[in-house]
>>> print(open('structure17.cif').read())   # mmCIF, C-alpha atoms
data_upload
#
loop_
_atom_site.label_atom_id
_atom_site.label_comp_id
_atom_site.auth_asym_id
_atom_site.auth_seq_id
_atom_site.Cartn_x
_atom_site.Cartn_y
_atom_site.Cartn_z
CA MET A 840 -9.47 -20.13 -8.79
CA ALA A 841 -10.53 -17.69 -11.49
CA ALA A 842 -8.49 -14.65 -12.48
CA LYS A 843 -11.49 -12.37 -12.10
CA SER A 844 -13.51 -11.74 -8.98
CA THR A 845 -17.03 -13.05 -8.42
CA THR A 846 -19.83 -11.51 -6.40
CA THR A 847 -18.57 -13.33 -3.28
CA ARG A 848 -14.76 -13.51 -3.56
CA TYR A 849 -11.77 -11.94 -5.20
CA GLY A 850 -9.97 -13.49 -8.16
CA TRP A 851 -6.32 -14.49 -8.07
CA VAL A 852 -5.18 -11.30 -9.86
CA ALA A 853 -6.71 -9.02 -7.22
CA ILE A 854 -5.51 -11.28 -4.41
CA THR A 855 -1.94 -11.33 -5.73
CA ILE A 856 -1.85 -7.55 -6.13
CA HIS A 857 -3.33 -7.10 -2.64
CA TRP A 858 -0.84 -9.28 -0.77
CA LEU A 859 2.17 -8.18 -2.80
CA SER A 860 1.20 -4.56 -2.15
CA ALA A 861 0.81 -5.26 1.58
CA LEU A 862 4.27 -6.85 1.72
CA LEU A 863 5.86 -3.96 -0.18
CA ILE A 864 4.15 -1.37 2.03
CA ILE A 865 5.51 -3.08 5.15
CA ILE A 866 9.03 -3.20 3.67
CA LEU A 867 8.80 0.39 2.42
CA TRP A 868 7.58 1.70 5.74
CA GLY A 869 10.30 -0.15 7.64
CA SER A 870 13.09 0.83 5.25
CA GLY A 871 11.92 4.45 5.23
CA MET A 872 11.94 4.61 9.03
CA ARG A 873 15.33 2.93 9.08
CA ALA A 874 16.79 5.35 6.55
CA ALA A 875 15.37 8.31 8.48
CA GLY A 876 17.16 7.05 11.60
CA PHE A 877 20.60 6.88 10.01
CA THR A 878 22.99 9.79 10.27
CA GLU A 879 25.77 8.20 8.22
CA SER A 880 25.29 8.91 4.51
CA ALA A 881 26.59 5.57 3.18
CA ALA A 882 24.29 3.52 5.41
CA LYS A 883 21.31 5.71 4.52
CA ALA A 884 22.14 5.43 0.80
CA GLU A 885 22.25 1.61 1.06
CA VAL A 886 18.77 1.49 2.54
CA LEU A 887 17.43 4.05 0.05
CA ALA A 888 18.89 2.03 -2.83
CA VAL A 889 16.30 -0.62 -1.89
CA HIS A 890 13.56 1.78 -0.77
CA VAL A 891 13.37 3.80 -3.99
CA PRO A 892 12.91 0.88 -6.45
CA LEU A 893 10.35 -0.69 -4.13
CA GLY A 894 8.51 2.64 -4.08
CA ILE A 895 8.38 2.56 -7.87
CA ALA A 896 7.19 -1.06 -7.70
CA ILE A 897 4.28 -0.13 -5.40
CA LEU A 898 3.40 2.70 -7.79
CA VAL A 899 3.26 0.25 -10.70
CA LEU A 900 1.23 -2.26 -8.67
CA THR A 901 -1.20 0.46 -7.62
CA LEU A 902 -1.67 1.65 -11.20
CA VAL A 903 -2.17 -1.96 -12.33
CA ARG A 904 -4.70 -2.44 -9.52
CA ILE A 905 -6.62 0.71 -10.45
CA GLY A 906 -6.58 -0.33 -14.12
CA TRP A 907 -7.70 -3.84 -13.23
CA TRP A 908 -10.68 -2.54 -11.25
CA TRP A 909 -11.51 0.10 -13.83
CA TRP A 910 -11.38 -2.00 -17.01
CA ALA A 911 -11.30 -5.71 -16.25
CA ASP A 912 -12.83 -6.70 -12.93
CA ASP A 913 -15.51 -5.92 -10.38
CA ARG A 914 -15.10 -6.11 -6.64
CA PRO A 915 -17.34 -8.37 -4.58
CA GLY A 916 -20.03 -6.57 -2.65
CA PRO A 917 -20.05 -6.20 1.12
CA THR A 918 -20.54 -9.29 3.23
CA GLU A 919 -24.10 -10.01 4.30
CA GLY A 920 -25.25 -7.89 7.22
CA THR A 921 -22.50 -5.28 6.91
CA PRO A 922 -23.84 -1.91 8.06
CA ARG A 923 -23.75 0.79 5.38
CA TRP A 924 -21.37 2.96 7.39
CA GLN A 925 -18.85 0.09 7.60
CA ASP A 926 -19.07 -0.51 3.86
CA PHE A 927 -18.55 3.23 3.28
CA ALA A 928 -15.63 3.32 5.73
CA GLY A 929 -14.01 0.32 4.02
CA ARG A 930 -14.32 1.93 0.59
CA ALA A 931 -12.96 5.21 1.97
CA VAL A 932 -9.92 3.50 3.49
CA HIS A 933 -9.17 1.74 0.20
CA LEU A 934 -9.50 4.99 -1.74
CA LEU A 935 -7.23 6.73 0.75
CA PHE A 936 -4.68 3.93 0.34
CA TYR A 937 -4.54 4.63 -3.39
CA VAL A 938 -4.32 8.39 -2.91
CA VAL A 939 -1.60 8.14 -0.26
CA ILE A 940 0.42 5.66 -2.33
CA LEU A 941 0.27 7.98 -5.35
CA LEU A 942 1.19 11.02 -3.25
CA MET A 943 3.99 9.17 -1.46
CA THR A 944 5.46 8.13 -4.79
CA ALA A 945 5.17 11.66 -6.17
CA SER A 946 6.79 13.17 -3.08
CA GLY A 947 9.57 10.56 -3.14
CA ILE A 948 10.35 11.24 -6.79
CA ALA A 949 10.21 15.00 -6.18
CA LEU A 950 12.51 14.61 -3.19
CA LEU A 951 15.07 12.77 -5.30
CA ALA A 952 14.80 15.35 -8.08
CA PHE A 953 15.04 18.43 -5.84
CA SER A 954 17.83 17.04 -3.67
CA GLY A 955 19.92 15.56 -6.48
CA ALA A 956 20.50 12.51 -4.28
CA GLY A 957 19.83 9.92 -7.00
CA PRO A 958 23.44 9.58 -8.17
CA VAL A 959 24.68 9.14 -4.58
CA ILE A 960 21.99 6.58 -3.73
CA PHE A 961 22.51 4.49 -6.83
CA GLY A 962 26.32 4.56 -6.76
CA GLY A 963 26.99 6.75 -9.75
CA ALA A 964 28.56 9.58 -7.77
CA GLU A 965 30.71 10.07 -4.73
CA GLY A 966 29.51 12.29 -1.97
CA THR A 967 27.15 12.50 0.91
CA LEU A 968 23.42 12.66 0.91
CA PRO A 969 21.85 16.04 1.56
CA ASP A 970 19.65 16.80 4.53
CA PHE A 971 16.35 15.76 2.96
CA TRP A 972 14.43 17.95 5.42
CA GLN A 973 15.70 20.99 3.48
CA PHE A 974 13.39 20.09 0.62
CA PRO A 975 9.61 20.65 0.80
CA PRO A 976 8.55 17.17 -0.41
CA ARG A 977 10.20 15.62 2.69
CA GLY A 978 7.48 16.95 5.00
CA GLY A 979 4.74 15.53 2.81
CA HIS A 980 6.55 12.21 2.58
CA ALA A 981 6.78 12.04 6.38
CA VAL A 982 3.10 12.87 6.85
CA GLY A 983 2.19 10.34 4.15
CA ALA A 984 4.22 7.62 5.89
CA ARG A 985 2.34 8.14 9.13
CA LEU A 986 -0.99 8.26 7.35
CA MET A 987 -0.09 5.04 5.53
CA LEU A 988 0.68 3.36 8.85
CA ALA A 989 -2.65 4.56 10.30
CA LEU A 990 -4.56 3.27 7.26
CA PHE A 991 -2.69 -0.04 7.41
CA VAL A 992 -3.50 -0.52 11.11
CA LEU A 993 -7.15 0.43 10.51
CA HIS A 994 -7.38 -1.98 7.57
CA VAL A 995 -5.89 -4.89 9.52
CA ALA A 996 -8.05 -4.12 12.56
CA ALA A 997 -11.18 -4.14 10.40
CA ALA A 998 -10.17 -7.43 8.77
CA LEU A 999 -9.57 -9.00 12.19
CA TYR A 1000 -12.90 -7.64 13.44
CA HIS A 1001 -14.65 -9.31 10.51
CA GLN A 1002 -12.75 -12.54 11.07
CA PHE A 1003 -13.04 -12.92 14.83
CA VAL A 1004 -16.02 -10.80 15.93
CA ARG A 1005 -18.43 -10.92 13.01
CA ARG A 1006 -17.11 -14.27 11.75
CA ASP A 1007 -18.31 -13.47 8.24
CA GLY A 1008 -15.41 -14.98 6.30
CA LEU A 1009 -14.21 -11.65 4.90
CA ILE A 1010 -10.52 -12.57 5.05
CA GLY A 1011 -11.21 -15.80 3.15
CA ARG A 1012 -12.47 -13.75 0.21
CA MET A 1013 -9.00 -12.22 -0.15
CA TRP A 1014 -6.95 -15.44 0.12
CA PHE A 1015 -5.83 -18.12 -2.32
CA ALA A 1016 -8.44 -20.77 -1.55
CA ARG A 1017 -10.16 -23.28 -3.76
CA GLY A 1018 -13.83 -23.07 -4.42
CA SER A 1019 -16.11 -20.23 -3.52
#
>>> encode(input="structure17.cif", output="C-alpha cells")
Amino acid sequence: MAAKSTTTRYGWVAITIHWLSALLIIILWGSGMRAAGFTESAAKAEVLAVHVPLGIAILVLTLVRIGWWWWADDRPGPTEGTPRWQDFAGRAVHLLFYVVILLMTASGIALLAFSGAGPVIFGGAEGTLPDFWQFPPRGGHAVGARLMLALFVLHVAAALYHQFVRRDGLIGRMWFARGS
C-alpha cells in the first residue's frame, strides 16, 4: 500500500491518521463525560490527567492531517454515482470535524489556563479542582463535545449507508487493504 492516496483509495498515512483520530475521539469523549460526572476532585483529576494529553495528541494529529492534505496528498474523489449533495455533505462534515477539534482544543487549553487546574491535574500541587463551569470556555467545550458526538454518529451512519445500502466499497477505501 502506498503512503499517498490514489484517485480511488486512501494511502496508509491518511488511513492511519483517520483511524487513530477516531480512536482518540472516542476515548476523549468518554473520558470527558466521565470526568464531568465525578464530584470528587481526585477522581476527576485522574481522568483529566489522561484526557488533556490525549486532547493535545488529537490536535497534533489534526494539524498533521491538514498539512498532509494541503501539501503532500490529494483525497480520492467521490465514489461513482454519489449525488452531489451527498458529496457536499461529506465534505462539510469533515470540515466541521476539523473546526470542532481545533475549537475543542482551544477551549480545553483556555479552560486549564483560566481555572489554574493544570498543577492539580498533573500532580504538581495539592488542592481541589475548581468548578469548571465558572469559566466561560467550559460552556463552549460542552457544546463542542455534543457537536463532536453528532458529527461522529453522522459520519459512521453515512459510512454504513455506503457499505450496506449503496454497496459502493467506500469503507474499503479507508482501510489497510492490499491492492486497489
>>> atom_distance(input="structure17.cif", atom1="CA of Leu999 (chain A)", atom2="CA of Met1013 (chain A)")
12.8 Å
>>> closest_residue(input="structure17.cif", among="A:Pro975, A:Gln1002, A:Ala861, A:Gln925", to="Leu988 (chain A)", atoms="all atoms listed in the file")
A:Ala861
>>> resolve_selection(input="structure17.cif", expression="the PyMOL selection byres ((chain A and resi 854) around 10)", output="PyMOL selection string")
chain A and resi 842-844+848-853+855-860+1012-1015
>>> atom_distance(input="structure17.cif", atom1="CA of Gly869 (chain A)", atom2="CA of Val982 (chain A)")
14.9 Å
>>> closest_residue(input="structure17.cif", among="A:Leu968, A:Leu993, A:Ala875, A:Ala896", to="Ile940 (chain A)", atoms="only C-alpha atoms")
A:Ala896
>>> atom_distance(input="structure17.cif", atom1="CA of Gly947 (chain A)", atom2="CA of Trp909 (chain A)")
25.8 Å
